[in-house]
Structure formats: C-alpha cells, structure tokens
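**Student:** Contents of work_8.tsv (TSV, C-alpha atoms) are given next:
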chain	number	residue	atom	x	y	z
A	760	MET	CA	179.26	205.35	121.99
A	761	ASN	CA	181.62	207.05	119.55
A	762	LYS	CA	181.77	210.83	119.60
A	763	VAL	CA	182.06	212.16	116.03
A	764	GLU	CA	183.02	215.76	115.26
A	765	ILE	CA	184.11	217.49	112.03
A	766	LYS	CA	186.56	220.38	112.11
A	767	GLU	CA	187.56	222.87	109.42
A	768	LEU	CA	191.33	223.40	109.39
A	769	ARG	CA	193.52	225.96	107.63
A	770	GLY	CA	197.02	227.44	107.75
A	771	GLU	CA	199.32	225.96	110.35
A	772	ASP	CA	196.61	223.65	111.70
A	773	VAL	CA	196.52	221.20	108.76
A	774	ASP	CA	198.81	218.53	110.27
A	775	PRO	CA	195.94	216.03	110.88
A	776	ILE	CA	194.90	215.86	107.19
A	777	LEU	CA	198.53	215.48	106.08
A	778	GLU	CA	199.04	212.68	108.61
A	779	LEU	CA	195.94	210.90	107.25
A	780	ALA	CA	197.11	211.36	103.66
A	781	PHE	CA	200.60	210.12	104.53
A	782	TYR	CA	199.25	206.78	105.80
A	783	ALA	CA	196.91	206.41	102.82
A	784	PHE	CA	199.19	207.38	99.93
A	785	PHE	CA	202.84	206.99	100.98
A	786	PRO	CA	205.09	204.09	102.00
A	787	THR	CA	204.69	203.74	105.77
A	788	PRO	CA	206.12	203.77	108.35
A	789	GLY	CA	208.41	206.40	106.92
A	790	ASN	CA	209.56	209.99	106.98
A	791	ILE	CA	206.39	212.01	107.39
A	792	GLU	CA	208.33	215.23	106.94
A	793	GLN	CA	208.18	214.81	103.17
A	794	ILE	CA	204.45	215.47	103.16
A	795	MET	CA	204.59	218.07	105.94
A	796	LYS	CA	206.65	220.23	103.57
A	797	ARG	CA	203.40	220.93	101.69
A	798	LYS	CA	201.99	223.11	104.48
A	799	PRO	CA	203.25	226.47	103.15
A	800	TYR	CA	201.55	225.79	99.82
A	801	MET	CA	198.11	225.10	101.32
A	802	LYS	CA	197.30	228.72	102.23
A	803	GLU	CA	194.18	228.82	100.06
A	804	ASP	CA	192.95	225.29	100.88
A	805	THR	CA	190.18	224.28	103.26
A	806	CYS	CA	190.67	220.98	105.10
A	807	LEU	CA	187.78	219.02	106.58
A	808	VAL	CA	188.77	216.47	109.22
A	809	LEU	CA	186.46	214.07	111.04
A	810	TYR	CA	187.41	213.18	114.59
A	811	GLU	CA	186.23	210.02	116.31
A	812	ASN	CA	186.60	210.25	120.09
A	813	GLU	CA	188.86	213.29	119.56
A	814	LYS	CA	191.18	211.36	117.23
A	815	PRO	CA	191.41	212.36	113.54
A	816	VAL	CA	190.36	209.38	111.41
A	817	SER	CA	189.12	210.81	108.11
A	818	GLY	CA	189.63	213.94	106.06
A	819	LEU	CA	189.84	215.70	102.71
A	820	ILE	CA	191.14	218.93	101.19
A	821	CYS	CA	189.11	221.46	99.16
A	822	LYS	CA	191.17	223.45	96.64
A	823	PRO	CA	189.86	226.56	94.82
A	824	ILE	CA	190.69	226.00	91.13
A	825	PRO	CA	189.14	228.18	88.39
A	826	GLN	CA	188.13	225.88	85.52
A	827	ASN	CA	187.27	226.38	81.87
A	828	VAL	CA	183.73	225.04	81.43
A	829	ARG	CA	182.79	225.18	77.75
A	830	GLY	CA	184.88	228.27	77.13
A	831	VAL	CA	184.05	230.24	80.28
A	832	LEU	CA	186.07	230.38	83.51
A	833	LYS	CA	184.03	229.14	86.46
A	834	ASP	CA	184.83	228.68	90.15
A	835	MET	CA	185.59	225.02	90.80
A	836	CYS	CA	186.61	223.04	93.87
A	837	GLY	CA	189.21	220.31	93.52
A	838	ILE	CA	188.87	217.58	96.14
A	839	SER	CA	192.12	215.89	97.17
A	840	GLU	CA	193.66	213.69	99.86
A	841	VAL	CA	190.41	211.89	100.67
A	842	ALA	CA	191.75	209.53	103.30
A	843	THR	CA	190.47	207.45	106.20
A	844	ASN	CA	192.60	205.53	108.65
A	845	PRO	CA	191.83	201.77	108.96
A	846	GLU	CA	190.07	202.22	112.29
A	847	GLY	CA	187.60	204.63	110.69
A	848	ARG	CA	186.83	202.79	107.46
A	849	ARG	CA	183.47	201.28	106.46
A	850	LYS	CA	181.62	203.76	108.65
A	851	GLY	CA	180.51	206.24	105.99
A	852	TYR	CA	182.95	208.93	107.08
A	853	ALA	CA	184.31	209.76	103.62
A	854	LYS	CA	180.77	210.10	102.29
A	855	LYS	CA	179.84	212.35	105.20
A	856	LEU	CA	182.82	214.61	104.50
A	857	MET	CA	182.05	214.72	100.77
A	858	LYS	CA	178.48	215.84	101.45
A	859	LEU	CA	179.78	218.55	103.77
A	860	SER	CA	182.24	219.64	101.07
A	861	PHE	CA	179.31	220.19	98.68
A	862	GLU	CA	177.76	222.53	101.22
A	863	LYS	CA	181.05	224.42	101.47
A	864	MET	CA	181.20	224.68	97.69
A	865	ARG	CA	177.72	226.18	97.64
A	866	GLU	CA	178.75	228.61	100.38
A	867	PHE	CA	181.72	229.76	98.27
A	868	ASN	CA	179.69	229.68	95.01
A	869	GLN	CA	181.93	227.00	93.50
A	870	GLY	CA	179.57	225.57	90.92
A	871	PHE	CA	181.77	222.66	89.82
A	872	SER	CA	184.04	220.06	91.37
A	873	THR	CA	186.72	217.65	90.16
A	874	LEU	CA	188.86	214.97	91.78
A	875	TYR	CA	191.07	211.97	91.11
A	876	PRO	CA	189.20	208.96	92.52
A	877	PHE	CA	190.46	206.09	94.62
A	878	LYS	CA	187.37	204.24	93.37
A	879	GLU	CA	185.32	205.60	90.50
A	880	SER	CA	182.07	203.86	91.47
A	881	PHE	CA	182.16	205.48	94.93
A	882	TYR	CA	182.35	208.97	93.47
A	883	GLU	CA	179.87	208.28	90.69
A	884	ARG	CA	177.29	207.57	93.38
A	885	LEU	CA	178.14	211.05	94.71
A	886	GLY	CA	177.39	212.63	91.34
A	887	TYR	CA	180.79	212.62	89.61
A	888	VAL	CA	181.43	211.35	86.08
A	889	SER	CA	184.71	210.23	84.52
A	890	PHE	CA	186.75	212.28	82.06
A	891	PRO	CA	188.66	210.59	79.23
A	892	GLN	CA	191.74	208.77	80.47
A	893	ILE	CA	194.96	210.76	80.40
A	894	ARG	CA	197.25	209.37	77.70
A	895	THR	CA	200.98	209.53	77.13
A	896	ALA	CA	202.78	209.32	73.80
A	897	ILE	CA	206.12	207.54	74.08
A	898	ILE	CA	208.34	208.44	71.14
A	899	SER	CA	211.91	207.40	70.37
A	900	ALA	CA	214.15	210.47	70.32
A	901	LYS	CA	216.05	209.01	67.35
A	902	SER	CA	212.84	208.82	65.33
A	903	LEU	CA	212.60	212.61	65.65
A	904	VAL	CA	216.03	213.32	64.16
A	905	PRO	CA	214.66	213.95	60.62
A	906	MET	CA	212.76	216.89	62.11
A	907	LEU	CA	216.08	218.74	62.43
A	908	ASP	CA	215.82	219.37	58.68
A	909	LEU	CA	212.70	221.48	59.20
A	910	LYS	CA	213.32	225.21	58.88
A	911	LEU	CA	211.16	226.65	61.65
A	912	ASN	CA	210.62	230.37	62.01
A	913	GLY	CA	210.69	230.42	65.77
A	914	THR	CA	212.95	230.07	68.80
A	915	VAL	CA	213.13	228.01	71.97
A	916	GLU	CA	214.67	228.95	75.29
A	917	ARG	CA	215.44	226.58	78.16
A	918	MET	CA	215.59	227.77	81.75
A	919	ASP	CA	215.23	226.31	85.23
A	920	PHE	CA	211.78	226.40	86.80
A	921	ASP	CA	212.60	229.24	89.15
A	922	GLU	CA	213.66	231.48	86.27
A	923	GLY	CA	210.78	230.48	84.02
A	924	PHE	CA	208.07	230.35	86.68
A	925	GLU	CA	206.24	233.59	85.85
A	926	SER	CA	206.24	232.82	82.12
A	927	TYR	CA	205.01	229.30	82.86
A	928	LYS	CA	202.22	230.43	85.19
A	929	ASN	CA	201.03	233.20	82.89
A	930	PHE	CA	200.96	230.97	79.81
A	931	LEU	CA	198.99	228.24	81.61
A	932	LYS	CA	196.35	230.77	82.58
A	933	GLU	CA	196.23	232.10	79.03
A	934	ILE	CA	195.97	228.69	77.32
A	935	ARG	CA	193.35	227.62	79.88
A	936	LEU	CA	190.92	229.96	78.14
A	937	SER	CA	190.98	227.73	75.05
A	938	ILE	CA	190.86	224.23	76.63
A	939	HIS	CA	187.53	222.92	77.93
A	940	GLY	CA	187.84	221.39	81.40
A	941	MET	CA	191.25	222.87	82.12
A	942	GLY	CA	191.97	224.05	85.64
A	943	VAL	CA	195.17	225.58	86.98
A	944	LEU	CA	196.20	225.22	90.61
A	945	HIS	CA	196.13	228.35	92.74
A	946	ASP	CA	199.32	230.42	92.84
A	947	ALA	CA	200.30	229.31	96.35
A	948	GLU	CA	200.42	225.66	95.27
A	949	LEU	CA	202.19	226.39	91.98
A	950	GLU	CA	205.01	227.83	94.09
A	951	ARG	CA	205.74	224.27	95.24
A	952	TYR	CA	206.91	223.27	91.76
A	953	LYS	CA	209.24	226.25	91.70
A	954	ASP	CA	210.70	225.47	95.10
A	955	GLU	CA	211.19	221.77	94.30
A	956	LYS	CA	213.45	222.73	91.37
A	957	LYS	CA	212.72	219.46	89.53
A	958	LEU	CA	211.60	220.76	86.13
A	959	TRP	CA	213.13	222.41	83.10
A	960	VAL	CA	211.00	225.01	81.34
A	961	VAL	CA	211.20	225.48	77.57
A	962	ILE	CA	209.50	228.50	76.05
A	963	ALA	CA	208.67	228.58	72.33
A	964	LYS	CA	208.43	232.00	70.69
A	965	GLU	CA	207.42	233.41	67.35
A	966	GLY	CA	209.10	236.79	67.28
A	967	ASN	CA	208.42	238.27	70.71
A	968	GLU	CA	205.23	236.29	71.29
A	969	THR	CA	205.23	233.23	73.54
A	970	ILE	CA	203.43	230.48	71.62
A	971	GLY	CA	204.19	227.44	73.78
A	972	ILE	CA	205.34	226.21	77.17
A	973	MET	CA	206.84	222.80	77.94
A	974	THR	CA	208.26	221.40	81.19
A	975	TYR	CA	210.19	218.16	81.57
A	976	THR	CA	212.78	216.16	83.48
A	977	ILE	CA	215.54	213.85	82.19
A	978	THR	CA	215.82	210.62	84.15
A	979	GLY	CA	219.47	209.93	83.24
A	980	PHE	CA	221.95	209.43	80.41
A	981	TRP	CA	220.44	207.29	77.65
A	982	LYS	CA	217.26	207.11	79.64
A	983	ASP	CA	214.04	209.09	79.13
A	984	ALA	CA	212.72	212.63	79.05
A	985	ARG	CA	209.40	212.88	80.84
A	986	VAL	CA	207.30	215.87	79.86
A	987	ARG	CA	204.90	217.26	82.42
A	988	ASP	CA	203.36	220.17	80.48
A	989	PHE	CA	203.05	220.32	76.70
A	990	TYR	CA	200.97	223.31	75.61
A	991	TYR	CA	201.09	225.22	72.36
A	992	LYS	CA	199.04	227.88	70.58
A	993	ASN	CA	199.89	226.65	67.10
A	994	SER	CA	201.72	223.95	65.16
A	995	LEU	CA	204.92	225.97	65.02
A	996	ALA	CA	205.31	225.70	68.80
A	997	LYS	CA	204.54	221.97	68.74
A	998	TYR	CA	207.18	221.27	66.10
A	999	LEU	CA	209.71	223.48	67.87
A	1000	PHE	CA	209.26	221.27	70.95
A	1001	LEU	CA	209.59	218.04	68.97
A	1002	GLN	CA	212.68	219.40	67.24
A	1003	TRP	CA	214.08	220.26	70.67
A	1004	PHE	CA	213.96	216.61	71.67
A	1005	ALA	CA	215.47	215.56	68.34
A	1006	ILE	CA	218.57	217.49	69.46
A	1007	HIS	CA	218.73	215.13	72.46
A	1008	ALA	CA	218.80	211.94	70.37
A	1009	ASP	CA	222.33	211.03	71.52
A	1010	GLN	CA	221.45	211.69	75.16
A	1011	ILE	CA	217.98	210.23	75.75
A	1012	LYS	CA	216.15	207.14	74.57
A	1013	ASN	CA	212.44	208.05	74.66
A	1014	VAL	CA	210.26	211.11	75.16
A	1015	HIS	CA	207.07	210.73	77.22
A	1016	ILE	CA	204.55	213.42	76.23
A	1017	PRO	CA	201.12	213.84	77.89
A	1018	ILE	CA	198.42	214.31	75.25
A	1019	LYS	CA	194.88	215.63	75.41
A	1020	PRO	CA	191.94	213.49	74.20
A	1021	ASP	CA	191.72	215.47	70.96
A	1022	GLU	CA	195.42	215.11	70.09
A	1023	PHE	CA	196.68	212.38	67.75
A	1024	PRO	CA	200.49	212.30	67.87
A	1025	GLU	CA	200.64	209.48	65.33
A	1026	THR	CA	199.74	212.15	62.75
A	1027	TRP	CA	202.44	214.64	63.74
A	1028	PHE	CA	205.40	213.09	61.93
A	1029	ASN	CA	206.10	209.87	60.04
A	1030	ASP	CA	207.92	206.88	61.51
A	1031	THR	CA	207.59	207.94	65.16
A	1032	PHE	CA	205.34	205.03	66.13
A	1033	TRP	CA	207.23	202.10	64.63
A	1034	GLY	CA	209.00	199.49	66.72
A	1035	GLU	CA	209.02	198.96	70.46
A	1036	SER	CA	209.49	202.58	71.50
A	1037	GLY	CA	206.63	204.26	69.69
A	1038	LYS	CA	203.33	203.78	71.52
A	1039	ILE	CA	200.45	205.54	73.23
A	1040	GLN	CA	199.41	204.39	76.68
A	1041	SER	CA	197.13	205.47	79.49
A	1042	ARG	CA	198.71	206.99	82.53
A	1043	ASP	CA	199.11	204.08	84.94
A	1044	TRP	CA	199.55	205.73	88.33
A	1045	VAL	CA	196.12	207.28	88.73
A	1046	PRO	CA	192.64	206.71	87.27
A	1047	SER	CA	191.07	209.31	85.05
A	1048	CYS	CA	189.82	212.39	86.87
A	1049	MET	CA	186.11	212.97	87.45
A	1050	GLY	CA	183.90	216.05	87.43
A	1051	ARG	CA	180.54	217.19	88.76
A	1052	VAL	CA	178.10	220.07	88.53
A	1053	VAL	CA	177.53	221.27	92.10
A	1054	ILE	CA	175.24	224.26	91.43
A	1055	VAL	CA	173.05	224.01	88.34
A	1056	GLU	CA	172.55	227.79	88.14
A	1057	ALA	CA	176.34	228.17	87.78
A	1058	LEU	CA	175.92	226.90	84.21
A	1059	ASN	CA	174.55	230.29	83.21
A	1060	GLY	CA	176.74	231.94	80.59
A	1061	ILE	CA	178.71	228.94	79.29
A	1062	ASN	CA	179.11	228.60	75.53
A	1063	VAL	CA	176.47	226.38	73.92
A	1064	GLY	CA	174.78	225.66	70.62
A	1065	GLN	CA	171.22	226.37	69.63
A	1066	GLY	CA	167.94	225.23	71.09
A	1067	GLN	CA	166.01	224.85	74.30
A	1068	ILE	CA	164.97	221.98	76.58
A	1069	LYS	CA	163.23	221.69	79.95
A	1070	ILE	CA	164.84	219.19	82.33
A	1071	LYS	CA	163.97	217.86	85.78
A	1072	VAL	CA	167.26	217.39	87.64
A	1073	THR	CA	167.59	214.94	90.53
A	1074	ASP	CA	170.58	215.19	92.86
A	1075	GLU	CA	170.70	212.97	95.92
A	1076	HIS	CA	173.51	214.88	97.63
A	1077	CYS	CA	172.92	218.54	96.65
A	1078	GLU	CA	169.23	219.00	97.29
A	1079	TRP	CA	169.32	222.63	96.07
A	1080	ASN	CA	169.62	221.22	92.52
A	1081	ASN	CA	166.36	219.25	92.70
A	1082	LYS	CA	164.26	221.47	90.45
A	1083	ASN	CA	162.89	221.79	86.93
A	1084	TYR	CA	165.04	223.96	84.69
A	1085	ASN	CA	164.68	225.59	81.31
A	1086	PHE	CA	168.00	225.43	79.45
A	1087	GLU	CA	168.17	227.71	76.43
A	1088	GLY	CA	170.89	228.92	74.10
A	1089	LYS	CA	170.74	232.68	73.60
A	1090	GLU	CA	173.32	234.15	71.20
A	1091	GLY	CA	175.71	231.30	71.95
A	1092	LYS	CA	175.39	231.53	75.74
A	1093	LEU	CA	173.39	229.29	78.08
A	1094	SER	CA	170.47	230.70	80.03
A	1095	VAL	CA	169.29	228.59	83.00
A	1096	GLU	CA	165.99	229.39	84.69
A	1097	GLU	CA	163.56	227.47	86.86
A	1098	SER	CA	160.62	226.00	84.97
A	1099	PRO	CA	157.14	224.91	86.11
A	1100	ASP	CA	157.30	221.79	83.94
A	1101	TYR	CA	159.80	219.51	82.21
A	1102	GLU	CA	160.28	217.33	79.12
A	1103	CYS	CA	162.75	214.80	80.48
A	1104	GLU	CA	164.55	213.78	83.67
A	1105	LEU	CA	168.30	213.67	84.23
A	1106	THR	CA	170.25	212.70	87.32
A	1107	ILE	CA	173.09	215.03	88.26
A	1108	GLN	CA	175.45	212.43	86.81
A	1109	ALA	CA	173.71	212.71	83.44
A	1110	LEU	CA	173.73	216.51	83.51
A	1111	SER	CA	177.42	216.56	84.48
A	1112	ALA	CA	178.18	214.15	81.62
A	1113	VAL	CA	176.31	216.40	79.18
A	1114	ILE	CA	178.16	219.52	80.36
A	1115	TYR	CA	181.63	217.99	80.36
A	1116	GLY	CA	180.69	216.57	76.99
A	1117	CYS	CA	182.42	213.21	76.56
A	1118	TYR	CA	179.49	210.77	76.84
A	1119	ASN	CA	177.16	209.03	74.42
A	1120	LEU	CA	173.59	209.90	75.39
A	1121	ASP	CA	172.47	206.41	74.38
A	1122	ASP	CA	174.53	205.03	77.29
A	1123	PHE	CA	172.52	206.90	79.93
A	1124	VAL	CA	169.71	204.35	80.10
A	1125	TYR	CA	172.20	201.56	80.84
A	1126	LYS	CA	173.80	203.61	83.58
A	1127	GLY	CA	170.43	204.36	85.16
A	1128	TRP	CA	170.92	208.09	84.67
A	1129	ALA	CA	167.95	209.01	82.47
A	1130	LYS	CA	165.15	207.99	80.18
A	1131	LEU	CA	165.36	210.11	77.06
A	1132	SER	CA	163.25	210.16	73.94
A	1133	GLU	CA	165.02	210.53	70.60
A	1134	GLU	CA	163.64	214.06	70.39
A	1135	ASN	CA	165.13	214.87	73.82
A	1136	LYS	CA	168.49	213.52	72.73
A	1137	GLU	CA	168.55	215.66	69.61
A	1138	LYS	CA	167.71	218.77	71.62
A	1139	ILE	CA	170.52	218.04	74.11
A	1140	LYS	CA	173.01	217.33	71.31
A	1141	ASN	CA	172.18	220.61	69.58
A	1142	LEU	CA	172.37	222.65	72.78
A	1143	PHE	CA	175.45	220.91	74.22
A	1144	PRO	CA	177.71	219.76	71.34
A	1145	LYS	CA	180.08	216.93	72.23
A	1146	ILE	CA	183.49	218.09	73.45
A	1147	SER	CA	186.40	216.40	75.27
A	1148	PRO	CA	187.50	217.85	78.63
A	1149	PHE	CA	191.10	217.95	79.86
A	1150	LEU	CA	191.67	218.97	83.50
A	1151	HIS	CA	195.47	219.48	83.54
A	1152	ALA	CA	195.71	220.22	87.28
A	1153	ASP	CA	197.12	217.35	89.36
A	1154	PHE	CA	196.13	217.37	93.03
Once more with this new file: its structure as structure tokens, please.
**Tutor:**
Amino acid sequence: MNKVEIKELRGEDVDPILELAFYAFFPTPGNIEQIMKRKPYMKEDTCLVLYENEKPVSGLICKPIPQNVRGVLKDMCGISEVATNPEGRRKGYAKKLMKLSFEKMREFNQGFSTLYPFKESFYERLGYVSFPQIRTAIISAKSLVPMLDLKLNGTVERMDFDEGFESYKNFLKEIRLSIHGMGVLHDAELERYKDEKKLWVVIAKEGNETIGIMTYTITGFWKDARVRDFYYKNSLAKYLFLQWFAIHADQIKNVHIPIKPDEFPETWFNDTFWGESGKIQSRDWVPSCMGRVVIVEALNGINVGQGQIKIKVTDEHCEWNNKNYNFEGKEGKLSVEESPDYECELTIQALSAVIYGCYNLDDFVYKGWAKLSEENKEKIKNLFPKISPFLHADF
C-alpha cells in the first residue's frame, strides 16, 4: 500500500518542487541548474509537495500577490508550478494539493486566487474562471515613423533594468491601483528580473512626474522588439512610447506590445494595421489566466454599484463559503453579511465570474453555474457592473 504524505517546504528546502517543475515544463533531460537558480527569489513562497513512499511526485507553489479587486487591494494567492511526475498522475494528487492550498489561503486570509492553467476545465471544477485572453499587438516599426512629427511635451529615458528597477517596481505598484485584476509579484521575485539583466526600461515623464513605464528586449538587427510591460497614466505616455519605437524603424522590423482587454491599438494611429505586419493575436505560449474567490467575506469593501441581493453560495472545495449572503452596495462599497434566506443560488464559479466581471450572466445556465431570474440578473448587473480584469503578473 502506498504511503502518501504532504510536506510544506520553504527557503533552502524547495528543491523537490523545482525538480518536479523542471520535468513538467522544461526540455528534459537537461541542465536542471537553470531552474534551481530561482531558489533565492522564492523567500516568500510556500511550497506544498506530496510524497508517495517518501518520493516527491506532485507539488505546487503558493505565491502571496496583492491584487486589485474592483479598485481595492486584496490579499491574493498565485498558484504556480502545479506538477506531477508520470508515476503519480491520474491519482488525484494535484486536486488534493489544490484543496490543501485553499486551506492555507484561508489560514493566511488570502481571499482570492489566480493561476495559469495547464487545463482550464480541471481548474474550473475547482472553482476558477477564465480571464480574457492576453493579446499582443504586432506593429511594423516603419508604420510608426509618421509619429515622429508629433510634438510631445514629455521626455523618455532608457536605462538597464538594474538602474531602473526601483522606478519600475514603484510605478507598477502605483498603476496597479487603477487596473482591476492586476497583481504584482512580491519584491523577492521581482529581483529575479533585475538579476537576469534581460530587459531595457524606458520611463516616460511629464515634467518631473513619471507617467509611464515600458520594458522590452530587442531580438536582433532587423528583427523584433518584444515589449513585456506597457503601462501609462495618460495618452502622452503612450504616444511617447510609440514614438520611441518609431526612432528604431531602421533597426527593428516589428514591435510586439501586450495589450489589456480594454485597449484597442487599431485606434491609436492610422495605417499601423495594414499589410502582413499589423495584427492583433492572442498570446500563444500559455492559456488565459484564471481567478477564484476563496473567502466570500473578503469581498467586503470592494467598489460596487447600487443595490442589494441575497445569494446562496455553493462551493464544493471551500466549505466555509457554503452560506447565504446579503450583498449590498453602501456608498459605493460592498457590504457582505450572512443572511437567513436567499433570492438565488450561485456556485463559486458564478460568483467569481461576477466579481472579476467579464462574463455574460445569460451564459451561467449553460455552464451549470446558476439559475437566475431576469430580476436577479438586473440586480447583479447593477451591483457588479461589467469590467475586464488584467492580471499582469506572470508566474
């Protein structure tokens, strides 16, 4: 009979989870040292590893990542490196670890969770719902050349990542306050990008105020610039960045810019989406991220619209959420209290979809998430206006 044991690992003891992740996500056999270099940046992470007969066969990493949830910073847990060796697969080990991770989140009062799935249907059964797919705008640098005629009242400064790290980190945390769904990795992990020295940082300023941060790499002469971060407070910063790449028109072919769901780069400037170069595509190397409400009471205080509705929540994996709740908007903030009765029933998937805000309520019946009257739908729409989330953090 197999002996199964789960251990919680931190600090210098995280080798087993990195070994599992190496087999699952890297070319193997190979140089495992490339993933072992991550250890110094995992100081704030909690690793859960399942051992079968004293051999590590499955594991995951829990990352503390504050997240903007409808305008308010909330404690969130990012789940990464969910991996099981072949000899441990099809035994329910990943599901067992995920359920334990929810208990850890409750212990640390992390009311929300996000991840990048290896299979969306697996995580949906665990309560997660998909965010909009991450998109990339691919624009010919030559098509941006006319932008050099714009007289912009601002400046840009390029520096290496080490030099620009503090400005980069501080601006991400500032802009996070205005982007629903945005999470920024903890400081220890952000240090990895600085130490890897693989990114340029460009800072846009209006006078002495930083109004935008962009990071990118150039893949070679007459090849492409690939932007990793593209954040701006106003249109001036955005056009300063686009003008910056226009200056590179004799050096690079295309610019790859990540865009949020509410951005429409085809409206930024004429003639940038003609021909073979100009296009918008989904990011191809990873599915869209997913999110979940882990503690319903953690929704207290988020920004909402007007109204009130009583909901019975069902959550198969976080039993502490299985209650009736009164959700009410009070002066623009959500109040969540237990209720003796309810008007409608939502699964945790449905509630998570409502909170993250990118779903059509009419779809819920086809997903098996809820049965809602038209009156219920109107109440939910008024209380939780539709909004598109953008996670930002890669993990």
**Student:** From the options A:Ser1111, A:Ser899, A:Thr843, A:Asn812, which residue's atoms come nearest to Met1049 (chain A), counting all atoms listed in the file?
**Tutor:**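 Of A:Ser1111, A:Ser899, A:Thr843, A:Asn812, the one nearest Met1049 (chain A), counting all atoms listed in the file, is A:Ser1111.
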**Student:** Given 4 Å on each side, where is the centre and what are the edge lengths in Å to one decimal of the axis-aligned box enclosing the listed atoms of region 1107-1115 of chain A, as lines of an AutoDock Vina configuration file?
**Tutor:**
center_x = 177.4
center_y = 216.0
center_z = 83.7
size_x = 16.5
size_y = 15.1
size_z = 17.1
**Student:** I want to know what sits within 8 Å of region 831-833 of chain A, based on all atoms listed in the file, with residues of the same chain fewer than 2 positions away left out; could you give that as a list in words?
**Tutor:**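 So, after excluding close chain neighbours, the residues are Pro825, Gln826, Asn827, Val828, Arg829, Met835, Gln869, Gly870, Phe871, Leu936, Ala1057, Gly1060, Ile1061 and Asn1062 of chain A.
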**Student:** Would you mind telling me which residue in A:Pro905, A:Gly1091, A:Gly1050, A:Pro1099 lies nearest to Lys1069 (chain A) when using all atoms listed in the file?
**Tutor:**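 Closest residue, counting all atoms listed in the file: A:Pro1099.
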**Student:** List every protein, DNA or RNA residue that has an atom no more than 7 Å from (160.1, 217.2, 83.6) in the file's coordinate frame, counting only C-alpha atoms, and report them as a PyMOL selection string.
**Tutor:** chain A and resi 1069-1071+1083+1100-1104
**Student:** Please list as a list in words every residue within 10 Å of region 860-868 of chain A, counting all atoms listed in the file and excluding residues in the same chain fewer than 3 positions away.
**Tutor:** Thr805, Cys806, Leu807, Leu819, Ile820, Cys821, Pro823, Lys833, Asp834, Met835, Cys836, Ile838, Lys854, Lys855, Leu856, Met857, Phe871, Ser872, Val1053, Ile1054, Ala1057, His1076, Cys1077 and Trp1079 of chain A
**Student:** At most 9 Å is the cut-off: for each residue in region 918-950 of chain A with any atom that close to an atom of region 966-985 of chain A, write down the nearest atom pair and the distance in Å rounded to one decimal, counting all atoms listed in the file, chain first then increasing number, as a tab-separated table.
**Tutor:**
residue	atom	partner	partner_atom	distance
A:Phe920	CA	A:Thr974	CA	8.3
A:Ser926	CA	A:Ile972	CA	8.3
A:Tyr927	CA	A:Ile972	CA	6.5
A:Phe930	CA	A:Ile972	CA	7.0
A:Leu931	CA	A:Ile972	CA	8.0
**Student:** Could you write those residues out with C-alpha atoms, as a compact mmCIF listing (two decimals), keeping the file's coordinate frame?
**Tutor:**
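Dumped everything to out24.txt:
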# COMPACT_ATOMS: atom_id res chain seq x y z
CA PHE A 920 211.78 226.40 86.80
CA SER A 926 206.24 232.82 82.12
CA TYR A 927 205.01 229.30 82.86
CA PHE A 930 200.96 230.97 79.81
CA LEU A 931 198.99 228.24 81.61
**Student:** Could you work out how far CA of Phe781 (chain A) lies from CA of Pro815 (chain A), giving the answer in Å with one decimal?
**Tutor:**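 Between CA of Pro815 (chain A) and CA of Phe781 (chain A) the gap is 13.1 Å.
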**Student:** Between A:Tyr1118, A:Phe1154, A:Tyr1125, A:Tyr810, which is the closest to Ile1139 (chain A) once you count only C-alpha atoms?
**Tutor:**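 Nearest candidate to Ile1139 (chain A) out of A:Tyr1118, A:Phe1154, A:Tyr1125, A:Tyr810: A:Tyr1118.
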**Student:** How many Å lie between CA of Ala900 (chain A) and CA of Arg935 (chain A), rounded to one decimal?
**Tutor:** 28.6 Å
**Student:** Could you tell me which of A:Ile893, A:Phe1000, A:Val841, A:Val888 comes closest to Phe1123 (chain A) if we count only C-alpha atoms?
**Tutor:** A:Val888
